[in-house]
$ cat final10.pdb   # PDB, C-alpha atoms
ATOM      1  CA  MET A 152     110.448  31.981  34.020
ATOM      2  CA  LYS A 153     112.952  30.523  36.489
ATOM      3  CA  THR A 154     114.578  27.194  35.758
ATOM      4  CA  PHE A 155     115.621  24.959  38.627
ATOM      5  CA  LEU A 156     118.279  22.377  37.872
ATOM      6  CA  ASN A 157     118.997  19.563  40.333
ATOM      7  CA  LYS A 158     121.896  17.142  40.186
ATOM      8  CA  SER A 159     120.165  13.992  41.404
ATOM      9  CA  PHE A 160     117.211  12.276  43.112
ATOM     10  CA  SER A 161     118.497  13.408  46.512
ATOM     11  CA  ASP A 162     118.423  17.082  45.522
ATOM     12  CA  VAL A 163     114.631  17.114  45.206
ATOM     13  CA  ILE A 164     113.928  15.704  48.664
ATOM     14  CA  GLY A 165     112.442  18.357  50.944
ATOM     15  CA  ASN A 166     111.327  21.935  50.326
ATOM     16  CA  THR A 167     107.727  20.724  50.252
ATOM     17  CA  PRO A 168     104.934  23.333  50.311
ATOM     18  CA  LEU A 169     102.538  24.165  53.142
ATOM     19  CA  ILE A 170      98.856  23.998  52.262
ATOM     20  CA  LYS A 171      96.043  25.533  54.290
ATOM     21  CA  LEU A 172      93.549  22.905  55.427
ATOM     22  CA  ARG A 173      90.318  24.804  54.887
ATOM     23  CA  SER A 174      87.857  22.627  56.794
ATOM     24  CA  ALA A 175      90.103  22.146  59.832
ATOM     25  CA  SER A 176      90.851  25.876  59.886
ATOM     26  CA  LYS A 177      87.193  26.859  59.585
ATOM     27  CA  ILE A 178      85.872  24.689  62.417
ATOM     28  CA  THR A 179      88.626  25.795  64.814
ATOM     29  CA  LYS A 180      88.945  29.442  63.684
ATOM     30  CA  CYS A 181      92.689  28.834  63.485
ATOM     31  CA  ASN A 182      95.073  28.663  60.543
ATOM     32  CA  ILE A 183      95.900  24.960  60.229
ATOM     33  CA  TYR A 184      98.490  24.038  57.605
ATOM     34  CA  GLY A 185      99.692  20.688  56.330
ATOM     35  CA  LYS A 186     103.261  20.165  55.118
ATOM     36  CA  CYS A 187     102.953  18.263  51.847
ATOM     37  CA  GLU A 188     105.467  15.482  52.479
ATOM     38  CA  PHE A 189     103.672  13.224  49.988
ATOM     39  CA  LEU A 190     105.332  15.398  47.312
ATOM     40  CA  ASN A 191     108.799  14.070  48.131
ATOM     41  CA  PRO A 192     110.138  11.951  45.233
ATOM     42  CA  GLY A 193     109.698   8.684  47.148
ATOM     43  CA  GLY A 194     106.178   9.733  48.121
ATOM     44  CA  SER A 195     106.547  10.296  51.864
ATOM     45  CA  VAL A 196     108.116  12.207  54.750
ATOM     46  CA  LYS A 197     110.488   9.248  55.256
ATOM     47  CA  ASP A 198     112.583  10.319  52.264
ATOM     48  CA  ARG A 199     114.167  12.952  54.498
ATOM     49  CA  ALA A 200     115.345  10.483  57.136
ATOM     50  CA  ALA A 201     116.469   8.004  54.477
ATOM     51  CA  LEU A 202     118.670  10.606  52.807
ATOM     52  CA  GLN A 203     120.249  11.799  56.070
ATOM     53  CA  ILE A 204     120.844   8.262  57.347
ATOM     54  CA  ILE A 205     122.608   7.207  54.143
ATOM     55  CA  THR A 206     124.532  10.493  53.800
ATOM     56  CA  ASP A 207     125.882  10.186  57.342
ATOM     57  CA  ALA A 208     126.758   6.508  56.853
ATOM     58  CA  LEU A 209     128.737   7.310  53.686
ATOM     59  CA  LYS A 210     130.536  10.218  55.368
ATOM     60  CA  SER A 211     131.498   8.089  58.383
ATOM     61  CA  GLY A 212     132.805   5.282  56.173
ATOM     62  CA  ALA A 213     130.293   2.786  57.561
ATOM     63  CA  ILE A 214     129.429   1.987  53.950
ATOM     64  CA  LYS A 215     130.647   2.931  50.494
ATOM     65  CA  LYS A 216     129.352   2.652  46.927
ATOM     66  CA  GLY A 217     128.394  -0.929  46.190
ATOM     67  CA  GLY A 218     127.585  -1.625  49.839
ATOM     68  CA  THR A 219     124.342  -2.921  51.310
ATOM     69  CA  VAL A 220     121.826  -1.026  53.442
ATOM     70  CA  ILE A 221     119.519  -3.158  55.599
ATOM     71  CA  GLU A 222     116.418  -1.930  57.383
ATOM     72  CA  GLY A 223     113.272  -3.074  59.156
ATOM     73  CA  THR A 224     110.390  -0.812  58.171
ATOM     74  CA  ALA A 225     106.630  -0.357  57.899
ATOM     75  CA  GLY A 226     107.307   0.493  54.251
ATOM     76  CA  ASN A 227     107.913   4.190  53.611
ATOM     77  CA  THR A 228     111.428   4.359  55.081
ATOM     78  CA  GLY A 229     112.265   1.250  53.073
ATOM     79  CA  ILE A 230     111.042   2.920  49.893
ATOM     80  CA  GLY A 231     113.071   6.043  50.674
ATOM     81  CA  LEU A 232     116.218   4.042  51.494
ATOM     82  CA  SER A 233     115.843   1.951  48.344
ATOM     83  CA  LEU A 234     115.446   4.932  46.023
ATOM     84  CA  VAL A 235     118.175   7.035  47.653
ATOM     85  CA  GLY A 236     120.351   3.913  47.669
ATOM     86  CA  ASN A 237     119.682   3.280  43.987
ATOM     87  CA  SER A 238     120.717   6.851  43.145
ATOM     88  CA  LEU A 239     123.971   6.461  45.103
ATOM     89  CA  GLY A 240     124.941   2.966  43.930
ATOM     90  CA  LEU A 241     123.897   1.042  47.047
ATOM     91  CA  LYS A 242     121.956  -2.206  47.457
ATOM     92  CA  THR A 243     119.045  -2.469  49.884
ATOM     93  CA  ILE A 244     117.555  -5.332  51.873
ATOM     94  CA  ILE A 245     114.208  -4.455  53.422
ATOM     95  CA  VAL A 246     112.472  -6.478  56.147
ATOM     96  CA  MET A 247     108.775  -5.757  56.611
ATOM     97  CA  SER A 248     105.754  -7.288  58.315
ATOM     98  CA  GLU A 249     103.471  -9.079  55.871
ATOM     99  CA  THR A 250     100.516  -7.204  57.419
ATOM    100  CA  GLN A 251     101.517  -3.956  55.714
ATOM    101  CA  SER A 252      99.549  -2.788  52.697
ATOM    102  CA  GLN A 253      99.917  -4.616  49.382
ATOM    103  CA  GLU A 254     100.615  -1.270  47.713
ATOM    104  CA  LYS A 255     103.767  -0.705  49.793
ATOM    105  CA  ILE A 256     104.894  -4.280  49.190
ATOM    106  CA  LYS A 257     104.509  -3.774  45.418
ATOM    107  CA  MET A 258     106.287  -0.414  45.556
ATOM    108  CA  LEU A 259     109.303  -1.916  47.315
ATOM    109  CA  GLU A 260     109.433  -4.634  44.664
ATOM    110  CA  LEU A 261     109.278  -1.957  41.943
ATOM    111  CA  CYS A 262     112.190  -0.179  43.640
ATOM    112  CA  GLY A 263     114.276  -3.331  43.201
ATOM    113  CA  ALA A 264     114.745  -3.834  46.924
ATOM    114  CA  ASP A 265     115.521  -7.308  48.242
ATOM    115  CA  LEU A 266     112.272  -7.576  50.201
ATOM    116  CA  ARG A 267     111.962 -10.031  53.085
ATOM    117  CA  LEU A 268     108.416 -10.348  54.484
ATOM    118  CA  VAL A 269     108.015 -11.740  58.002
ATOM    119  CA  LYS A 270     105.118 -12.644  60.279
ATOM    120  CA  ASP A 271     103.792  -9.808  62.413
ATOM    121  CA  ALA A 272     105.350  -9.945  65.897
ATOM    122  CA  PRO A 273     105.892  -7.497  68.803
ATOM    123  CA  TYR A 274     109.290  -5.866  69.261
ATOM    124  CA  LYS A 275     110.204  -8.171  72.171
ATOM    125  CA  ASP A 276     109.824 -11.210  69.876
ATOM    126  CA  PRO A 277     113.038 -12.214  67.995
ATOM    127  CA  LYS A 278     110.840 -12.653  64.893
ATOM    128  CA  ASN A 279     109.884  -8.957  64.903
ATOM    129  CA  TYR A 280     110.816  -7.239  61.613
ATOM    130  CA  ILE A 281     113.257  -4.858  63.325
ATOM    131  CA  ARG A 282     115.011  -7.677  65.174
ATOM    132  CA  VAL A 283     115.233  -9.731  61.969
ATOM    133  CA  SER A 284     116.801  -6.805  60.083
ATOM    134  CA  GLU A 285     119.395  -6.321  62.841
ATOM    135  CA  ARG A 286     120.391 -10.005  62.706
ATOM    136  CA  LEU A 287     120.613  -9.903  58.910
ATOM    137  CA  SER A 288     122.986  -6.939  59.103
ATOM    138  CA  LYS A 289     125.398  -9.136  61.053
ATOM    139  CA  GLN A 290     125.037 -12.132  58.724
ATOM    140  CA  ILE A 291     125.243 -10.503  55.269
ATOM    141  CA  LYS A 292     128.718  -9.988  53.829
ATOM    142  CA  ASN A 293     129.738  -7.224  51.416
ATOM    143  CA  LYS A 294     133.289  -5.973  50.895
ATOM    144  CA  ASN A 295     131.922  -2.423  50.491
ATOM    145  CA  GLY A 296     130.160  -2.527  53.839
ATOM    146  CA  VAL A 297     126.851  -3.610  55.328
ATOM    147  CA  PHE A 298     124.937  -0.915  57.180
ATOM    148  CA  TRP A 299     121.893  -1.370  59.425
ATOM    149  CA  ALA A 300     119.937   1.879  59.063
ATOM    150  CA  ASN A 301     118.116   1.420  62.408
ATOM    151  CA  GLN A 302     115.800   4.403  61.868
ATOM    152  CA  PHE A 303     114.299   4.087  65.374
ATOM    153  CA  ASP A 304     117.538   4.669  67.285
ATOM    154  CA  ASN A 305     119.695   6.301  64.626
ATOM    155  CA  LEU A 306     119.763  10.015  65.478
ATOM    156  CA  SER A 307     120.449  10.891  61.837
ATOM    157  CA  ASN A 308     116.663  10.511  61.639
ATOM    158  CA  CYS A 309     115.782  13.464  63.885
ATOM    159  CA  LYS A 310     118.818  15.330  62.521
ATOM    160  CA  ALA A 311     117.146  15.316  59.076
ATOM    161  CA  HIS A 312     114.123  17.147  60.450
ATOM    162  CA  PHE A 313     116.167  19.545  62.586
ATOM    163  CA  LYS A 314     118.173  20.491  59.495
ATOM    164  CA  THR A 315     115.359  20.621  56.927
ATOM    165  CA  THR A 316     111.715  20.212  58.005
ATOM    166  CA  GLY A 317     111.900  22.548  60.996
ATOM    167  CA  PRO A 318     113.693  25.372  59.153
ATOM    168  CA  GLU A 319     111.312  25.061  56.194
ATOM    169  CA  ILE A 320     108.250  25.383  58.464
ATOM    170  CA  TRP A 321     109.774  28.369  60.283
ATOM    171  CA  SER A 322     110.568  30.102  56.983
ATOM    172  CA  GLN A 323     107.227  29.283  55.324
ATOM    173  CA  THR A 324     105.241  30.682  58.267
ATOM    174  CA  LYS A 325     107.640  33.651  58.528
ATOM    175  CA  GLY A 326     108.171  32.705  62.163
ATOM    176  CA  LYS A 327     104.496  33.235  62.986
ATOM    177  CA  ILE A 328     103.816  29.635  63.955
ATOM    178  CA  ASN A 329     102.165  28.966  67.319
ATOM    179  CA  ALA A 330     102.162  25.162  67.339
ATOM    180  CA  PHE A 331     103.333  22.016  65.594
ATOM    181  CA  ILE A 332     101.820  18.555  66.024
ATOM    182  CA  CYS A 333     102.213  15.093  64.491
ATOM    183  CA  ALA A 334     102.199  11.398  65.327
ATOM    184  CA  VAL A 335     105.199   9.298  66.363
ATOM    185  CA  GLY A 336     106.463   6.367  64.324
ATOM    186  CA  THR A 337     110.167   6.406  65.083
ATOM    187  CA  GLY A 338     109.995   9.795  66.790
ATOM    188  CA  GLY A 339     112.355  11.412  64.294
ATOM    189  CA  THR A 340     109.999  13.981  62.772
ATOM    190  CA  LEU A 341     108.552  15.224  66.067
ATOM    191  CA  ALA A 342     111.979  15.274  67.743
ATOM    192  CA  GLY A 343     113.764  17.163  64.973
ATOM    193  CA  VAL A 344     110.998  19.680  64.279
ATOM    194  CA  SER A 345     110.192  20.291  67.964
ATOM    195  CA  ASN A 346     113.788  21.003  68.862
ATOM    196  CA  TYR A 347     114.337  23.345  65.930
ATOM    197  CA  LEU A 348     111.140  25.325  66.523
ATOM    198  CA  LYS A 349     111.721  25.546  70.277
ATOM    199  CA  LYS A 350     115.205  26.901  69.535
ATOM    200  CA  GLN A 351     113.642  29.698  67.473
ATOM    201  CA  ASN A 352     110.814  30.424  69.931
ATOM    202  CA  SER A 353     110.424  28.536  73.208
ATOM    203  CA  LYS A 354     106.747  29.548  73.392
ATOM    204  CA  ILE A 355     105.782  27.413  70.375
ATOM    205  CA  THR A 356     103.526  24.562  71.514
ATOM    206  CA  ILE A 357     104.525  21.047  70.439
ATOM    207  CA  GLY A 358     101.842  18.357  70.341
ATOM    208  CA  LEU A 359     101.584  14.611  69.839
ATOM    209  CA  ALA A 360      98.728  12.889  67.971
ATOM    210  CA  ASP A 361      98.764   9.226  69.018
ATOM    211  CA  PRO A 362      96.628   6.486  67.429
ATOM    212  CA  HIS A 363      94.805   4.013  69.632
ATOM    213  CA  GLY A 364      96.967   1.025  70.574
ATOM    214  CA  ALA A 365     100.125   3.124  70.792
ATOM    215  CA  SER A 366     101.856   3.987  74.063
ATOM    216  CA  MET A 367     103.297   7.457  73.474
ATOM    217  CA  TYR A 368     100.242   9.339  74.788
ATOM    218  CA  SER A 369     100.450   7.394  78.033
ATOM    219  CA  TYR A 370     104.242   7.720  78.193
ATOM    220  CA  PHE A 371     104.257  11.509  77.892
ATOM    221  CA  LYS A 372     101.246  11.916  80.199
ATOM    222  CA  THR A 373     102.152   9.465  82.966
ATOM    223  CA  GLY A 374     105.620   8.098  82.250
ATOM    224  CA  LYS A 375     104.158   4.617  81.682
ATOM    225  CA  LEU A 376     104.055   2.702  78.384
ATOM    226  CA  GLU A 377     100.390   1.723  78.126
ATOM    227  CA  GLY A 378      98.389   1.359  74.929
ATOM    228  CA  LYS A 379      94.614   1.147  74.685
ATOM    229  CA  GLY A 380      92.663  -0.182  71.700
ATOM    230  CA  THR A 381      93.947  -0.821  68.179
ATOM    231  CA  SER A 382      94.529   1.073  64.945
ATOM    232  CA  ILE A 383      94.765   0.220  61.254
ATOM    233  CA  THR A 384      97.210   3.067  60.595
ATOM    234  CA  GLU A 385     100.665   2.064  59.362
ATOM    235  CA  GLY A 386     104.059   3.551  60.148
ATOM    236  CA  ILE A 387     102.923   5.363  63.303
ATOM    237  CA  GLY A 388     102.131   4.221  66.836
ATOM    238  CA  GLN A 389     105.100   3.396  69.010
ATOM    239  CA  GLY A 390     105.242   1.041  71.994
ATOM    240  CA  ARG A 391     108.783   1.731  73.215
ATOM    241  CA  VAL A 392     111.023   4.691  73.937
ATOM    242  CA  THR A 393     113.483   4.964  71.059
ATOM    243  CA  LYS A 394     116.538   7.221  71.016
ATOM    244  CA  ASN A 395     114.635   9.555  68.692
ATOM    245  CA  VAL A 396     111.610   9.619  71.024
ATOM    246  CA  ASN A 397     113.968  10.611  73.847
ATOM    247  CA  LYS A 398     114.814  13.793  71.926
ATOM    248  CA  ILE A 399     111.201  15.034  71.653
ATOM    249  CA  SER A 400     110.300  18.310  73.360
ATOM    250  CA  LEU A 401     106.545  18.006  74.085
ATOM    251  CA  ASP A 402     103.800  20.184  75.592
ATOM    252  CA  GLU A 403     100.514  18.475  74.671
ATOM    253  CA  ALA A 404      99.352  14.958  73.758
ATOM    254  CA  PHE A 405      96.090  13.646  72.292
ATOM    255  CA  ARG A 406      94.678  10.236  71.428
ATOM    256  CA  VAL A 407      92.977   9.921  68.034
ATOM    257  CA  SER A 408      90.723   7.088  66.858
ATOM    258  CA  ASP A 409      90.704   5.552  63.373
ATOM    259  CA  LYS A 410      87.102   6.733  62.937
ATOM    260  CA  GLU A 411      88.107  10.341  63.568
ATOM    261  CA  ALA A 412      91.067  10.052  61.212
ATOM    262  CA  LEU A 413      89.223   8.358  58.338
ATOM    263  CA  LYS A 414      86.326  10.828  58.414
ATOM    264  CA  ILE A 415      88.900  13.566  57.863
ATOM    265  CA  VAL A 416      90.690  11.603  55.101
ATOM    266  CA  TYR A 417      87.449  11.075  53.168
ATOM    267  CA  LYS A 418      86.306  14.676  53.632
ATOM    268  CA  LEU A 419      89.651  15.978  52.338
ATOM    269  CA  ILE A 420      89.193  14.067  49.085
ATOM    270  CA  ARG A 421      85.727  15.430  48.367
ATOM    271  CA  GLU A 422      86.225  18.983  49.607
ATOM    272  CA  GLU A 423      89.932  19.795  49.241
ATOM    273  CA  GLY A 424      91.236  17.429  46.556
ATOM    274  CA  LEU A 425      93.768  15.731  48.818
ATOM    275  CA  ILE A 426      94.123  11.928  48.812
ATOM    276  CA  LEU A 427      96.075  11.100  51.954
ATOM    277  CA  GLY A 428      96.856   8.088  54.123
ATOM    278  CA  GLY A 429      95.471   7.335  57.573
ATOM    279  CA  SER A 430      98.471   8.792  59.410
ATOM    280  CA  SER A 431      97.742  12.197  57.862
ATOM    281  CA  GLY A 432      94.183  11.881  59.169
ATOM    282  CA  ILE A 433      95.562  11.190  62.655
ATOM    283  CA  ASN A 434      97.802  14.251  62.375
ATOM    284  CA  ILE A 435      95.030  16.580  61.219
ATOM    285  CA  ALA A 436      92.641  15.307  63.899
ATOM    286  CA  GLY A 437      95.385  16.018  66.439
ATOM    287  CA  ALA A 438      95.842  19.528  65.018
ATOM    288  CA  ILE A 439      92.094  20.167  65.394
ATOM    289  CA  LYS A 440      92.142  18.987  69.029
ATOM    290  CA  LEU A 441      95.169  21.170  69.754
ATOM    291  CA  ALA A 442      93.579  24.183  68.018
ATOM    292  CA  LYS A 443      90.407  23.834  70.078
ATOM    293  CA  LYS A 444      92.473  23.714  73.255
ATOM    294  CA  MET A 445      94.636  26.719  72.316
ATOM    295  CA  GLY A 446      91.752  28.846  71.029
ATOM    296  CA  PRO A 447      91.023  30.861  67.837
ATOM    297  CA  GLY A 448      93.614  32.769  65.850
ATOM    298  CA  ASN A 449      96.580  30.410  66.223
ATOM    299  CA  THR A 450      98.742  29.093  63.385
ATOM    300  CA  ILE A 451      99.273  25.336  63.638
ATOM    301  CA  VAL A 452     101.288  23.079  61.318
ATOM    302  CA  THR A 453     101.126  19.309  60.902
ATOM    303  CA  ILE A 454     102.533  16.687  58.528
ATOM    304  CA  LEU A 455     100.748  15.223  55.504
ATOM    305  CA  CYS A 456     102.797  12.036  55.458
ATOM    306  CA  ASP A 457     101.972  10.188  52.231
ATOM    307  CA  TYR A 458      99.396   9.502  49.506
ATOM    308  CA  GLY A 459      96.267   7.511  50.283
ATOM    309  CA  THR A 460      96.895   5.391  47.179
ATOM    310  CA  ARG A 461      99.540   3.587  49.237
ATOM    311  CA  TYR A 462      96.688   2.136  51.348
ATOM    312  CA  GLU A 463      94.045   1.524  48.702
ATOM    313  CA  SER A 464      93.558  -2.114  49.747
ATOM    314  CA  LYS A 465      92.689  -0.980  53.275
ATOM    315  CA  ILE A 466      91.199   2.483  53.733
ATOM    316  CA  PHE A 467      89.497   2.446  50.322
ATOM    317  CA  ASN A 468      88.394  -1.178  50.528
ATOM    318  CA  LYS A 469      84.698  -1.431  51.435
ATOM    319  CA  LYS A 470      84.989  -5.046  52.605
ATOM    320  CA  PHE A 471      87.970  -4.276  54.862
ATOM    321  CA  LEU A 472      86.249  -1.221  56.350
ATOM    322  CA  LYS A 473      83.083  -3.201  57.064
ATOM    323  CA  ILE A 474      85.052  -5.903  58.892
ATOM    324  CA  LYS A 475      86.825  -3.263  60.979
ATOM    325  CA  LYS A 476      83.528  -1.389  61.591
ATOM    326  CA  LEU A 477      85.005   1.817  60.235
ATOM    327  CA  PRO A 478      83.328   4.630  58.257
ATOM    328  CA  ILE A 479      82.883   3.981  54.525
ATOM    329  CA  PRO A 480      82.940   6.866  52.020
ATOM    330  CA  LYS A 481      79.678   7.137  50.058
ATOM    331  CA  TRP A 482      81.400   6.798  46.675
ATOM    332  CA  LEU A 483      82.949   3.370  47.379
TER     333      LEU A 483
END
$ encode --input "final10.pdb" --output "C-alpha cells"
Amino acid sequence: MKTFLNKSFSDVIGNTPLIKLRSASKITKCNIYGKCEFLNPGGSVKDRAALQIITDALKSGAIKKGGTVIEGTAGNTGIGLSLVGNSLGLKTIIVMSETQSQEKIKMLELCGADLRLVKDAPYKDPKNYIRVSERLSKQIKNKNGVFWANQFDNLSNCKAHFKTTGPEIWSQTKGKINAFICAVGTGGTLAGVSNYLKKQNSKITIGLADPHGASMYSYFKTGKLEGKGTSITEGIGQGRVTKNVNKISLDEAFRVSDKEALKIVYKLIREEGLILGGSSGINIAGAIKLAKKMGPGNTIVTILCDYGTRYESKIFNKKFLKIKKLPIPKWL
C-alpha cells in the first residue's frame, strides 16, 4: 500500500479525480466527466486560485508572513484565501454581499476570517463588495504588507488553472478529450483550462455555460454585455469583462436556466450520490447542450465546483424554492 505524505494544507489542493456522469452521458451518448473540485481541502475549485494568488504575492514581496490579504468574494474564494492564509501565517479580511448563503457566511466565520458583510450592489456602485474590498486594501495598515487579491483581474487566477487544472484533465483523459465547458465567475477557470487544452490540441472545443442574468453569453455571441433574466446561483454569472475573461479561448456558448440546473442537481443526489451546488448543475446542463450539438461519441469534461451543503438554506429549502417558483425535490 502506497503512503502519500504532504507537507501542508497547500500540498493537497488539486489533483482531484474525474468522475463519469452516468445520466448526462447516457442521454447524450457521449462520455461526460465532472472534475471533482469539491474534494479540494477548502471545499471548492477556488482553492486553486487562492493558492496561486497568495503564492505569487509572497514571491513578489507584495506581502510577507504576518501580512493581511483582503478580498471581495461570493464566498468560496474567501474560504480558500482564509485557509491558505492560515496555513502560511497570513491574516484575511473578506468582504461579501449579505445575500450569499448563510452556510458560506458561517464557514468564513469558522475559518477565522475578518468578515465584512455589505448590502448587495452592482459593480458600478461604490458600495459593491469588490469596490469596498479595494478601498479597504488602501486603508488598512500592516507592517508586513496588505495585499488586495483582486481575483477578477489578477491573472494568477487563470495561471492556477493553466498550471494545474488543465494539465490534470489532459492527463486524466489521456489526451482523448474533445471538449471542455464551464461557467464564468471571474473567468479564471475557463481561461486557464481553455488555453492549456488548446495548446495541446487546437481542435478541442471550449464552451461556456452561462446562467440567466449574466452577460457572458451575449458578450461572446454579439460583443455586447446584455443579461436576460435572473439566477439564484452564487459565484458565477459575470456582467463585465475582467482581465481573466479576456484570456478565454471560446468556441461555443449556452444559456442555462435555474430550473434546468436544479433538476440535474436533484437527480444527481438520488441516482449518482453526488450532492452539488447550483453552479455544478449549470455546468453539467451546459455539457449536455454541448454534447447534443457535437454529437455522440465525444468526451466532454466540466467542473463540479462545490458541495450542495454550502447552499442548504437555498436550493434545499422548500420555502425558498416555492417563492422562486423553482423545482422542489420530492424528499424535501
$ closest_residue --input "final10.pdb" --among "A:Ala200, A:Ile451, A:Val269, A:Cys456" --to "Ser307 (chain A)" --atoms "only C-alpha atoms"
A:Ala200
$ closest_residue --input "final10.pdb" --among "A:Ser322, A:Ser159, A:Thr179, A:Ser211" --to "Lys440 (chain A)" --atoms "all atoms listed in the file"
A:Thr179
$ resolve_selection --input "final10.pdb" --expression "the PyMOL selection byres ((chain A and resi 336) around 7)" --output "count of residues only"
8
$ atom_distance --input "final10.pdb" --atom1 "CA of Thr356 (chain A)" --atom2 "CA of Lys372 (chain A)"
15.5 Å
$ residues_near_point --input "final10.pdb" --point "(104.5, 2.8, 50.1)" --cutoff "6 Å" --atoms "only C-alpha atoms" --output "JSON, numbers by chain"
{"A": [226, 227, 255, 258, 461]}
$ atom_distance --input "final10.pdb" --atom1 "CA of Arg406 (chain A)" --atom2 "CA of Ala201 (chain A)"
27.7 Å
